[in-house]
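K.L.:
Below you'll find the structure I mean.
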Amino acid sequence: MRTPRIVDAMNYIDDDLVSWAVEYRRVPLSTRLFRKPFLKACACFLVLALVLGVVFLRGENGNVVTSPFVLTAYAMSAESSDAVKTELETGAKVPISSFVTDSGVSGFVFSTPNTNDDMPASISIITHGNYYAYIQEIVGITIDPDLNYYVFIPGENEVQPYTVFISPINLNENLVYEYTVSISQQGEEYYAELLEVITREVIMK
Amino acid sequence: MDDLMIIELYFARDEQAIKETDIKYGRLCFTVAINILCNDEDSEECVNDTYLSVWNKIPPTRPNNFMAFICKITRNLSIKRLDNNKARKRTPESFVSFTELEDVLPDNSIMREIENAEIGKLISEFLKHEKPESRAVFIRKYWFFDSVSDIAARYSFTESKVKNMLYHSRNKLREYLKKEGIEV
């Protein structure tokens, strides 16, 4: 077979086409799109929004805090008969006191909003010891029907700082928020510190 | 080194010109040759023959596009050598490209009085009106004789996409050449 004439003829195509084909690099569609200033601006905006969103949602220790719950600690007030309520924030120590309940046991009190419409507000006991009590009242705290209360009763042999795990569930979103709180004594006062909040999906069996 | 400076070295009959040409275009020339010949030894010889040819042509020729100039010499020499090899029944893969191109315009349908240069000019015109991607794929395949897989890798296409682009370009070129009155 002889070399066809058209193959020889191809050798006469413009020099510029040959050198162009050597140097030509196809630009991927994504890169071509980003050359357009408007799309570039949109992309920058999205990245910025994403970064700001992540920073906003992250706690100081890097855990993602997306909880709708506000964890509140209660402390006795020297000036008033009403308890002082302080919202817990990661890394900040807030005053907390031990309150007596109607069943006779004493414990540190926290509350979270009751987000589950179908469930009545409740008072739960959190303890590492053995306490079987039904609490309806906490002395010095006016029970709010829109809040769930948690009374932490340290075990008899438990040493400070106490670590408390509070896990409110948001059934609407099927999520459980695990708060880890540390309670320690400084002088005569107790202080609570929110260590971390972890979100987990509720696994229904 | 800049092409103009290399050309000046040729004009000064400085053998450094060949060294600089080899540094800058040796690999490209070898690619052109091996795509046609599919043989390392023959391709090396073709590249060396190219340097000799460039040495003999410059001066008096002063190429405007040194890269294309040297590639064209390599391509011509490689095709000539391929013709010799064919006589010795050594047929490489570039034959596939030849056959595909011949389908566009068979030798017996080309008017005898038409020069290859004229057909080349028409193909240039056709390619200039093609989309850059199709144009690049066509030239890489039928001028440089790159394999379909190499072209696909080079431009991040699938092999079937490259084959499809080539098929359409060939058909369009056939129609274009027919319209321009190349056919008998």
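Convention: chains lettered A, B, ... in structure tokens order; per-chain residue numbering from 1; ligands numbered from 1 as shown.
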List every residue of chain B that has an atom at most 9 Å from any atom of chain A, giving for each one its closest atom pair and the distance in Å to one decimal, counting only C-alpha atoms, sorted by chain and then by ascending residue number, as a Markdown table.

P.N.:
```
| residue | atom | partner | partner_atom | distance |
| --- | --- | --- | --- | --- |
| B:Leu28 | CA | A:Val22 | CA | 8.8 |
| B:Asn64 | CA | A:Asp15 | CA | 8.6 |
| B:Asn65 | CA | A:Asp15 | CA | 6.4 |
| B:Phe66 | CA | A:Asp15 | CA | 8.8 |
| B:Met67 | CA | A:Ser19 | CA | 6.3 |
| B:Ala68 | CA | A:Asp15 | CA | 5.1 |
| B:Phe69 | CA | A:Asp15 | CA | 7.1 |
| B:Cys71 | CA | A:Val18 | CA | 8.3 |
| B:Lys72 | CA | A:Asn11 | CA | 6.4 |
| B:Arg75 | CA | A:Asn11 | CA | 7.7 |
| B:Asn76 | CA | A:Asn11 | CA | 7.5 |
| B:Ile79 | CA | A:Thr3 | CA | 7.7 |
| B:Lys80 | CA | A:Thr3 | CA | 8.8 |
| B:Leu82 | CA | A:Thr3 | CA | 8.6 |
| B:Asp83 | CA | A:Arg2 | CA | 6.9 |
| B:Lys86 | CA | A:Met1 | CA | 7.6 |
| B:Ala87 | CA | A:Met1 | CA | 8.9 |
| B:Phe95 | CA | A:Thr3 | CA | 8.6 |
| B:Ser97 | CA | A:Val7 | CA | 8.9 |
| B:Phe98 | CA | A:Val7 | CA | 6.6 |
| B:Thr99 | CA | A:Pro4 | CA | 8.0 |
| B:Leu101 | CA | A:Ile6 | CA | 6.7 |
| B:Glu102 | CA | A:Pro4 | CA | 6.0 |
| B:Val104 | CA | A:Ile6 | CA | 8.4 |
| B:Leu105 | CA | A:Ile6 | CA | 6.8 |
| B:Pro106 | CA | A:Pro4 | CA | 7.4 |
| B:Asp107 | CA | A:Arg5 | CA | 6.0 |
| B:Ile110 | CA | A:Arg5 | CA | 8.5 |
| B:Glu115 | CA | A:Ala9 | CA | 8.2 |
| B:Asn116 | CA | A:Ala9 | CA | 4.4 |
| B:Ala117 | CA | A:Tyr12 | CA | 5.3 |
| B:Glu118 | CA | A:Ala9 | CA | 7.9 |
| B:Ile119 | CA | A:Ala9 | CA | 5.8 |
| B:Gly120 | CA | A:Tyr12 | CA | 4.6 |
| B:Lys121 | CA | A:Ile13 | CA | 5.7 |
| B:Leu122 | CA | A:Ile13 | CA | 8.1 |
| B:Ile123 | CA | A:Ile13 | CA | 6.6 |
| B:Ser124 | CA | A:Ile13 | CA | 5.1 |
| B:Glu125 | CA | A:Ile13 | CA | 8.7 |
| B:Leu127 | CA | A:Leu17 | CA | 8.3 |
| B:Lys128 | CA | A:Leu17 | CA | 8.1 |
| B:Pro132 | CA | A:Arg26 | CA | 8.7 |
| B:Glu133 | CA | A:Arg26 | CA | 7.1 |
| B:Arg135 | CA | A:Ala21 | CA | 8.1 |
| B:Ala136 | CA | A:Ala21 | CA | 5.3 |
| B:Val137 | CA | A:Ala21 | CA | 8.3 |
| B:Ile139 | CA | A:Ala21 | CA | 6.6 |
| B:Arg140 | CA | A:Ala21 | CA | 6.8 |
| B:Tyr142 | CA | A:Val7 | CA | 7.6 |
| B:Trp143 | CA | A:Met10 | CA | 6.5 |
| B:Phe144 | CA | A:Val18 | CA | 8.8 |
| B:Arg154 | CA | A:Arg25 | CA | 8.1 |
| B:Tyr155 | CA | A:Arg26 | CA | 5.6 |
| B:Ser156 | CA | A:Arg26 | CA | 8.0 |
```

K.L.:
Next, dump the selected residues to file, keeping only N, CA and C atoms, as a compact mmCIF listing (two decimals), in the first residue's frame.

P.N.:
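That gives us selection_25.txt:
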```txt
# COMPACT_ATOMS: atom_id res chain seq x y z
N LEU B 28 9.96 16.00 20.78
CA LEU B 28 8.78 16.19 19.92
C LEU B 28 9.01 15.49 18.58
N ASN B 64 9.54 30.90 9.64
CA ASN B 64 8.78 31.76 10.56
C ASN B 64 8.37 30.99 11.80
N ASN B 65 8.07 29.70 11.58
CA ASN B 65 7.62 28.87 12.69
C ASN B 65 8.56 27.66 12.75
N PHE B 66 9.56 27.78 13.59
CA PHE B 66 10.63 26.78 13.62
C PHE B 66 10.12 25.42 14.09
N MET B 67 9.20 25.46 15.04
CA MET B 67 8.65 24.19 15.57
C MET B 67 7.94 23.40 14.46
N ALA B 68 7.06 24.10 13.74
CA ALA B 68 6.32 23.43 12.66
C ALA B 68 7.26 23.00 11.55
N PHE B 69 8.25 23.84 11.28
CA PHE B 69 9.24 23.57 10.23
C PHE B 69 9.96 22.25 10.49
N CYS B 71 9.09 19.88 12.65
CA CYS B 71 8.15 18.75 12.74
C CYS B 71 7.78 18.24 11.35
N LYS B 72 7.60 19.18 10.42
CA LYS B 72 7.22 18.79 9.05
C LYS B 72 8.33 17.98 8.40
N ARG B 75 8.23 14.55 9.89
CA ARG B 75 7.07 13.80 9.39
C ARG B 75 7.33 13.29 7.98
N ASN B 76 7.87 14.18 7.14
CA ASN B 76 8.16 13.78 5.75
C ASN B 76 9.16 12.65 5.69
N ILE B 79 7.60 9.39 6.91
CA ILE B 79 6.68 8.77 5.94
C ILE B 79 7.49 8.12 4.81
N LYS B 80 8.57 8.78 4.39
CA LYS B 80 9.43 8.20 3.34
C LYS B 80 10.03 6.88 3.82
N LEU B 82 8.84 5.02 6.08
CA LEU B 82 7.76 4.05 6.22
C LEU B 82 7.49 3.36 4.88
N ASP B 83 7.53 4.15 3.81
CA ASP B 83 7.34 3.57 2.47
C ASP B 83 8.40 2.51 2.20
N LYS B 86 7.62 -0.50 4.28
CA LYS B 86 6.47 -1.25 3.77
C LYS B 86 6.91 -2.24 2.70
N ALA B 87 7.92 -1.79 1.93
CA ALA B 87 8.46 -2.69 0.92
C ALA B 87 9.07 -3.91 1.59
N PHE B 95 -0.82 2.94 9.84
CA PHE B 95 -1.57 2.55 8.65
C PHE B 95 -3.07 2.75 8.83
N SER B 97 -4.51 5.08 10.46
CA SER B 97 -4.78 6.49 10.21
C SER B 97 -4.76 6.79 8.72
N PHE B 98 -3.80 6.16 8.03
CA PHE B 98 -3.70 6.35 6.58
C PHE B 98 -5.00 5.91 5.90
N THR B 99 -5.46 4.71 6.31
CA THR B 99 -6.67 4.16 5.69
C THR B 99 -7.87 5.06 5.96
N LEU B 101 -7.84 8.24 6.53
CA LEU B 101 -7.72 9.46 5.74
C LEU B 101 -8.02 9.20 4.27
N GLU B 102 -7.60 8.06 3.79
CA GLU B 102 -7.84 7.75 2.38
C GLU B 102 -9.34 7.59 2.11
N VAL B 104 -11.50 9.49 3.32
CA VAL B 104 -12.00 10.85 3.13
C VAL B 104 -11.85 11.25 1.66
N LEU B 105 -10.71 10.94 1.11
CA LEU B 105 -10.42 11.32 -0.27
C LEU B 105 -9.50 10.28 -0.91
N PRO B 106 -10.08 9.29 -1.57
CA PRO B 106 -9.22 8.26 -2.20
C PRO B 106 -8.36 8.87 -3.32
N ASP B 107 -7.18 8.31 -3.49
CA ASP B 107 -6.24 8.83 -4.50
C ASP B 107 -6.88 8.95 -5.88
N ILE B 110 -8.92 12.10 -6.61
CA ILE B 110 -8.30 13.44 -6.59
C ILE B 110 -7.91 13.82 -8.03
N GLU B 115 -2.37 20.10 -6.87
CA GLU B 115 -1.16 19.86 -6.09
C GLU B 115 -1.52 19.50 -4.64
N ASN B 116 -0.62 18.76 -4.01
CA ASN B 116 -0.83 18.43 -2.59
C ASN B 116 -0.90 19.70 -1.74
N ALA B 117 -0.10 20.69 -2.13
CA ALA B 117 -0.08 21.94 -1.38
C ALA B 117 -1.46 22.60 -1.39
N GLU B 118 -2.14 22.46 -2.53
CA GLU B 118 -3.47 23.08 -2.63
C GLU B 118 -4.47 22.34 -1.73
N ILE B 119 -4.37 21.03 -1.73
CA ILE B 119 -5.26 20.24 -0.85
C ILE B 119 -4.96 20.59 0.61
N GLY B 120 -3.66 20.71 0.91
CA GLY B 120 -3.25 21.08 2.29
C GLY B 120 -3.84 22.41 2.71
N LYS B 121 -3.88 23.35 1.76
CA LYS B 121 -4.41 24.69 2.05
C LYS B 121 -5.91 24.59 2.37
N LEU B 122 -6.61 23.76 1.58
CA LEU B 122 -8.05 23.59 1.81
C LEU B 122 -8.31 22.91 3.17
N ILE B 123 -7.47 21.94 3.48
CA ILE B 123 -7.64 21.26 4.79
C ILE B 123 -7.41 22.27 5.92
N SER B 124 -6.43 23.16 5.73
CA SER B 124 -6.17 24.21 6.73
C SER B 124 -7.40 25.07 6.92
N GLU B 125 -8.00 25.47 5.79
CA GLU B 125 -9.20 26.32 5.86
C GLU B 125 -10.32 25.59 6.61
N LEU B 127 -10.01 23.19 8.79
CA LEU B 127 -9.69 23.03 10.24
C LEU B 127 -9.86 24.34 11.01
N LYS B 128 -9.58 25.45 10.35
CA LYS B 128 -9.70 26.75 11.03
C LYS B 128 -11.15 27.05 11.42
N PRO B 132 -12.11 24.28 18.39
CA PRO B 132 -10.72 24.01 18.80
C PRO B 132 -10.48 22.55 19.22
N GLU B 133 -11.42 21.98 19.95
CA GLU B 133 -11.22 20.60 20.43
C GLU B 133 -11.18 19.61 19.26
N ARG B 135 -10.54 20.33 16.16
CA ARG B 135 -9.37 20.65 15.35
C ARG B 135 -8.12 20.00 15.94
N ALA B 136 -7.98 20.15 17.27
CA ALA B 136 -6.79 19.60 17.94
C ALA B 136 -6.76 18.07 17.81
N VAL B 137 -7.92 17.46 18.02
CA VAL B 137 -7.99 15.99 17.94
C VAL B 137 -7.64 15.53 16.52
N ILE B 139 -5.83 17.09 14.18
CA ILE B 139 -4.40 17.28 13.86
C ILE B 139 -3.54 16.27 14.61
N ARG B 140 -3.90 16.04 15.88
CA ARG B 140 -3.09 15.07 16.66
C ARG B 140 -3.18 13.68 16.02
N TYR B 142 -4.17 12.87 12.63
CA TYR B 142 -3.80 12.70 11.22
C TYR B 142 -2.56 13.49 10.80
N TRP B 143 -2.05 14.29 11.70
CA TRP B 143 -0.77 14.93 11.38
C TRP B 143 0.34 14.30 12.23
N PHE B 144 0.04 14.19 13.53
CA PHE B 144 1.06 13.60 14.42
C PHE B 144 0.90 12.08 14.56
N ARG B 154 -4.60 12.91 26.59
CA ARG B 154 -4.08 14.28 26.47
C ARG B 154 -5.15 15.32 26.74
N TYR B 155 -6.37 15.06 26.22
CA TYR B 155 -7.43 16.07 26.34
C TYR B 155 -8.54 15.67 27.32
N SER B 156 -8.30 14.65 28.10
CA SER B 156 -9.28 14.19 29.10
C SER B 156 -10.64 13.86 28.46
```

K.L.:
Within region 38-202 of chain A, find each residue whose DSSP state, derived from the backbone, is strand (DSSP E or B), and express the selection as an NGL selection string.

P.N.:
:A and (58 or 64 or 72-75 or 84-87 or 90 or 93-96 or 98-101 or 106-113 or 123-127 or 138 or 141 or 147-153 or 162-166 or 169-170 or 175-186 or 189-201)

K.L.:
Output C-alpha atoms for every residue in the selection just made, as a compact mmCIF listing (two decimals), in the first residue's frame.

P.N.:
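And here's out-v7.txt as it stands now:
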```txt
# COMPACT_ATOMS: atom_id res chain seq x y z
CA ARG A 58 -18.24 25.14 65.99
CA VAL A 64 -19.93 20.98 66.18
CA THR A 72 -29.06 26.12 82.16
CA ALA A 73 -27.45 25.71 85.56
CA TYR A 74 -29.11 26.86 88.77
CA ALA A 75 -27.44 28.51 91.73
CA VAL A 84 -30.00 32.35 89.64
CA LYS A 85 -30.17 30.77 86.17
CA THR A 86 -27.08 30.82 83.97
CA GLU A 87 -26.81 29.39 80.49
CA THR A 90 -18.42 25.68 76.32
CA LYS A 93 -17.51 28.25 84.39
CA VAL A 94 -20.86 29.27 85.85
CA PRO A 95 -22.02 29.13 89.47
CA ILE A 96 -24.14 26.15 90.49
CA SER A 98 -27.05 21.97 95.40
CA PHE A 99 -30.82 22.16 95.86
CA VAL A 100 -33.02 20.07 98.14
CA THR A 101 -35.93 18.28 96.53
CA SER A 106 -30.10 17.12 97.19
CA GLY A 107 -28.48 17.69 93.85
CA PHE A 108 -27.21 20.11 91.27
CA VAL A 109 -29.94 21.27 88.93
CA PHE A 110 -29.87 21.83 85.18
CA SER A 111 -32.65 22.44 82.72
CA THR A 112 -33.22 22.32 78.97
CA PRO A 113 -36.23 23.45 76.96
CA ILE A 123 -37.63 16.19 86.39
CA SER A 124 -34.96 13.50 85.94
CA ILE A 125 -32.39 12.26 88.38
CA ILE A 126 -28.87 11.75 87.15
CA THR A 127 -26.67 9.83 89.55
CA ILE A 138 -37.16 21.51 93.92
CA ILE A 141 -36.87 26.73 91.97
CA LEU A 147 -38.52 22.99 80.76
CA ASN A 148 -37.09 19.58 81.51
CA TYR A 149 -35.07 19.47 84.72
CA TYR A 150 -32.11 17.28 85.56
CA VAL A 151 -30.99 16.83 89.15
CA PHE A 152 -27.47 15.49 89.44
CA ILE A 153 -26.83 13.69 92.71
CA TYR A 162 -17.97 15.52 89.07
CA THR A 163 -18.68 14.67 85.48
CA VAL A 164 -22.32 14.87 84.46
CA PHE A 165 -23.78 13.56 81.20
CA ILE A 166 -27.07 15.10 80.14
CA ILE A 169 -33.53 14.10 72.79
CA ASN A 170 -35.11 16.08 70.00
CA LEU A 175 -31.26 13.57 67.37
CA VAL A 176 -29.77 13.18 70.79
CA TYR A 177 -27.46 15.88 72.14
CA GLU A 178 -24.90 14.66 74.60
CA TYR A 179 -23.71 17.37 76.96
CA THR A 180 -20.70 16.70 79.16
CA VAL A 181 -20.53 19.00 82.17
CA SER A 182 -17.91 19.18 84.88
CA ILE A 183 -18.78 20.39 88.40
CA SER A 184 -15.99 21.44 90.70
CA GLN A 185 -15.72 23.29 93.99
CA GLN A 186 -13.70 26.47 94.32
CA GLU A 189 -18.82 27.73 95.76
CA TYR A 190 -19.49 25.14 93.08
CA TYR A 191 -19.01 25.88 89.41
CA ALA A 192 -20.26 24.03 86.35
CA GLU A 193 -18.41 23.99 83.05
CA LEU A 194 -19.74 22.68 79.75
CA LEU A 195 -16.98 20.51 78.30
CA GLU A 196 -18.52 19.38 75.04
CA VAL A 197 -21.70 18.76 73.09
CA ILE A 198 -21.94 15.83 70.71
CA THR A 199 -24.85 15.20 68.39
CA ARG A 200 -25.92 11.67 67.56
CA GLU A 201 -28.74 10.23 65.56
```

K.L.:
Identify all residues of chain A in helix (DSSP H, G or I) (DSSP on the backbone) and supply them as number ranges by chain.

P.N.:
A: 5-10, 15-23, 29-34, 37-57

K.L.:
Write a file of the just-selected residues containing C-alpha atoms, as a PDB file, in the first residue's frame.

P.N.:
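Below you can see result-v6.pdb, which holds the result:
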```
ATOM      1  CA  ARG A   5      -1.913  11.509  -1.312  1.00  0.00           C
ATOM      2  CA  ILE A   6      -4.073  13.045   1.356  1.00  0.00           C
ATOM      3  CA  VAL A   7      -1.525  12.001   3.986  1.00  0.00           C
ATOM      4  CA  ASP A   8       1.162  13.832   2.023  1.00  0.00           C
ATOM      5  CA  ALA A   9      -1.209  16.757   1.508  1.00  0.00           C
ATOM      6  CA  MET A  10      -1.707  17.009   5.244  1.00  0.00           C
ATOM      7  CA  ASP A  15       2.518  25.875  10.220  1.00  0.00           C
ATOM      8  CA  ASP A  16       0.443  27.730  12.763  1.00  0.00           C
ATOM      9  CA  LEU A  17      -2.028  24.864  13.000  1.00  0.00           C
ATOM     10  CA  VAL A  18       0.768  22.396  13.684  1.00  0.00           C
ATOM     11  CA  SER A  19       2.405  24.461  16.411  1.00  0.00           C
ATOM     12  CA  TRP A  20      -1.024  25.325  17.829  1.00  0.00           C
ATOM     13  CA  ALA A  21      -1.844  21.597  18.136  1.00  0.00           C
ATOM     14  CA  VAL A  22       1.455  21.004  19.962  1.00  0.00           C
ATOM     15  CA  GLU A  23       0.737  23.698  22.486  1.00  0.00           C
ATOM     16  CA  LEU A  29     -15.408  22.908  31.666  1.00  0.00           C
ATOM     17  CA  SER A  30     -15.179  23.681  35.379  1.00  0.00           C
ATOM     18  CA  THR A  31     -12.128  25.896  34.823  1.00  0.00           C
ATOM     19  CA  ARG A  32     -13.769  27.600  31.836  1.00  0.00           C
ATOM     20  CA  LEU A  33     -16.833  28.373  33.929  1.00  0.00           C
ATOM     21  CA  PHE A  34     -14.761  29.861  36.712  1.00  0.00           C
ATOM     22  CA  PRO A  37     -16.326  36.885  36.862  1.00  0.00           C
ATOM     23  CA  PHE A  38     -19.930  36.458  37.952  1.00  0.00           C
ATOM     24  CA  LEU A  39     -19.562  32.723  38.553  1.00  0.00           C
ATOM     25  CA  LYS A  40     -16.239  33.323  40.248  1.00  0.00           C
ATOM     26  CA  ALA A  41     -17.929  35.807  42.593  1.00  0.00           C
ATOM     27  CA  CYS A  42     -20.719  33.304  43.312  1.00  0.00           C
ATOM     28  CA  ALA A  43     -18.199  30.598  44.104  1.00  0.00           C
ATOM     29  CA  CYS A  44     -16.281  32.933  46.429  1.00  0.00           C
ATOM     30  CA  PHE A  45     -19.509  33.854  48.180  1.00  0.00           C
ATOM     31  CA  LEU A  46     -20.438  30.209  48.657  1.00  0.00           C
ATOM     32  CA  VAL A  47     -17.024  29.334  50.048  1.00  0.00           C
ATOM     33  CA  LEU A  48     -17.151  32.316  52.395  1.00  0.00           C
ATOM     34  CA  ALA A  49     -20.651  31.411  53.561  1.00  0.00           C
ATOM     35  CA  LEU A  50     -19.534  27.838  54.145  1.00  0.00           C
ATOM     36  CA  VAL A  51     -16.478  28.906  56.144  1.00  0.00           C
ATOM     37  CA  LEU A  52     -18.492  31.358  58.239  1.00  0.00           C
ATOM     38  CA  GLY A  53     -21.170  28.728  58.773  1.00  0.00           C
ATOM     39  CA  VAL A  54     -18.658  26.188  60.003  1.00  0.00           C
ATOM     40  CA  VAL A  55     -16.986  28.716  62.313  1.00  0.00           C
ATOM     41  CA  PHE A  56     -20.380  29.766  63.676  1.00  0.00           C
ATOM     42  CA  LEU A  57     -21.458  26.209  64.328  1.00  0.00           C
TER      43      LEU A  57
END
```

K.L.:
Write out as a PyMOL selection string which residues come within 7 Å of region 15-21 of chain B when counting only C-alpha atoms, dropping same-chain ones fewer than 6 positions away.

P.N.:
chain B and resi 1+6+9+51

K.L.:
Would you output that residue set with N, CA and C atoms, as a JSON list (two decimals), in the first residue's frame?

P.N.:
```
[["chain", "number", "residue", "atom", "x", "y", "z"],
["B", 1, "MET", "N", 16.43, 27.74, 24.83],
["B", 1, "MET", "CA", 16.86, 28.87, 23.99],
["B", 1, "MET", "C", 15.72, 29.25, 23.04],
["B", 6, "ILE", "N", 18.21, 30.12, 18.01],
["B", 6, "ILE", "CA", 18.66, 28.85, 17.41],
["B", 6, "ILE", "C", 18.87, 29.04, 15.90],
["B", 9, "LEU", "N", 22.00, 30.71, 15.19],
["B", 9, "LEU", "CA", 23.14, 29.79, 15.29],
["B", 9, "LEU", "C", 23.33, 29.00, 14.00],
["B", 51, "TYR", "N", 17.81, 16.68, 11.75],
["B", 51, "TYR", "CA", 18.79, 17.72, 12.11],
["B", 51, "TYR", "C", 19.70, 18.04, 10.92]]
```

K.L.:
So which residues touch Glu159 (chain B) within 10 Å, counting only C-alpha atoms, skipping near sequence neighbours fewer than 3 positions away, as a PyMOL selection string?

P.N.:
chain B and resi 147-153+156+162-165

K.L.:
Would you save the residues from that selection as an mmCIF file, in the first residue's frame, using N, CA and C atoms?

P.N.:
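result_28.cif, freshly written:
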```cif
data_model
loop_
_atom_site.group_PDB
_atom_site.id
_atom_site.type_symbol
_atom_site.label_atom_id
_atom_site.label_comp_id
_atom_site.auth_asym_id
_atom_site.auth_seq_id
_atom_site.Cartn_x
_atom_site.Cartn_y
_atom_site.Cartn_z
ATOM 1 N N SER B 147 -2.070 7.946 18.887
ATOM 2 C CA SER B 147 -3.109 6.917 19.006
ATOM 3 C C SER B 147 -4.347 7.532 19.672
ATOM 4 N N VAL B 148 -5.476 6.869 19.479
ATOM 5 C CA VAL B 148 -6.733 7.369 20.075
ATOM 6 C C VAL B 148 -6.596 7.448 21.600
ATOM 7 N N SER B 149 -5.957 6.442 22.176
ATOM 8 C CA SER B 149 -5.832 6.445 23.653
ATOM 9 C C SER B 149 -4.949 7.601 24.126
ATOM 10 N N ASP B 150 -3.887 7.910 23.353
ATOM 11 C CA ASP B 150 -3.026 9.043 23.734
ATOM 12 C C ASP B 150 -3.788 10.366 23.648
ATOM 13 N N ILE B 151 -4.599 10.495 22.593
ATOM 14 C CA ILE B 151 -5.367 11.740 22.423
ATOM 15 C C ILE B 151 -6.388 11.868 23.552
ATOM 16 N N ALA B 152 -7.035 10.742 23.866
ATOM 17 C CA ALA B 152 -8.036 10.759 24.945
ATOM 18 C C ALA B 152 -7.385 11.181 26.261
ATOM 19 N N ALA B 153 -6.203 10.649 26.522
ATOM 20 C CA ALA B 153 -5.504 11.001 27.775
ATOM 21 C C ALA B 153 -5.056 12.461 27.754
ATOM 22 N N SER B 156 -8.296 14.646 28.104
ATOM 23 C CA SER B 156 -9.281 14.190 29.097
ATOM 24 C C SER B 156 -10.639 13.856 28.465
ATOM 25 N N VAL B 162 -13.331 10.490 21.396
ATOM 26 C CA VAL B 162 -12.321 10.847 20.392
ATOM 27 C C VAL B 162 -12.659 10.209 19.046
ATOM 28 N N LYS B 163 -13.036 8.926 19.071
ATOM 29 C CA LYS B 163 -13.376 8.231 17.824
ATOM 30 C C LYS B 163 -14.566 8.911 17.148
ATOM 31 N N ASN B 164 -15.526 9.297 17.966
ATOM 32 C CA ASN B 164 -16.718 9.965 17.461
ATOM 33 C C ASN B 164 -16.370 11.312 16.819
ATOM 34 N N MET B 165 -15.505 12.063 17.499
ATOM 35 C CA MET B 165 -15.099 13.378 16.971
ATOM 36 C C MET B 165 -14.374 13.210 15.632
#
```
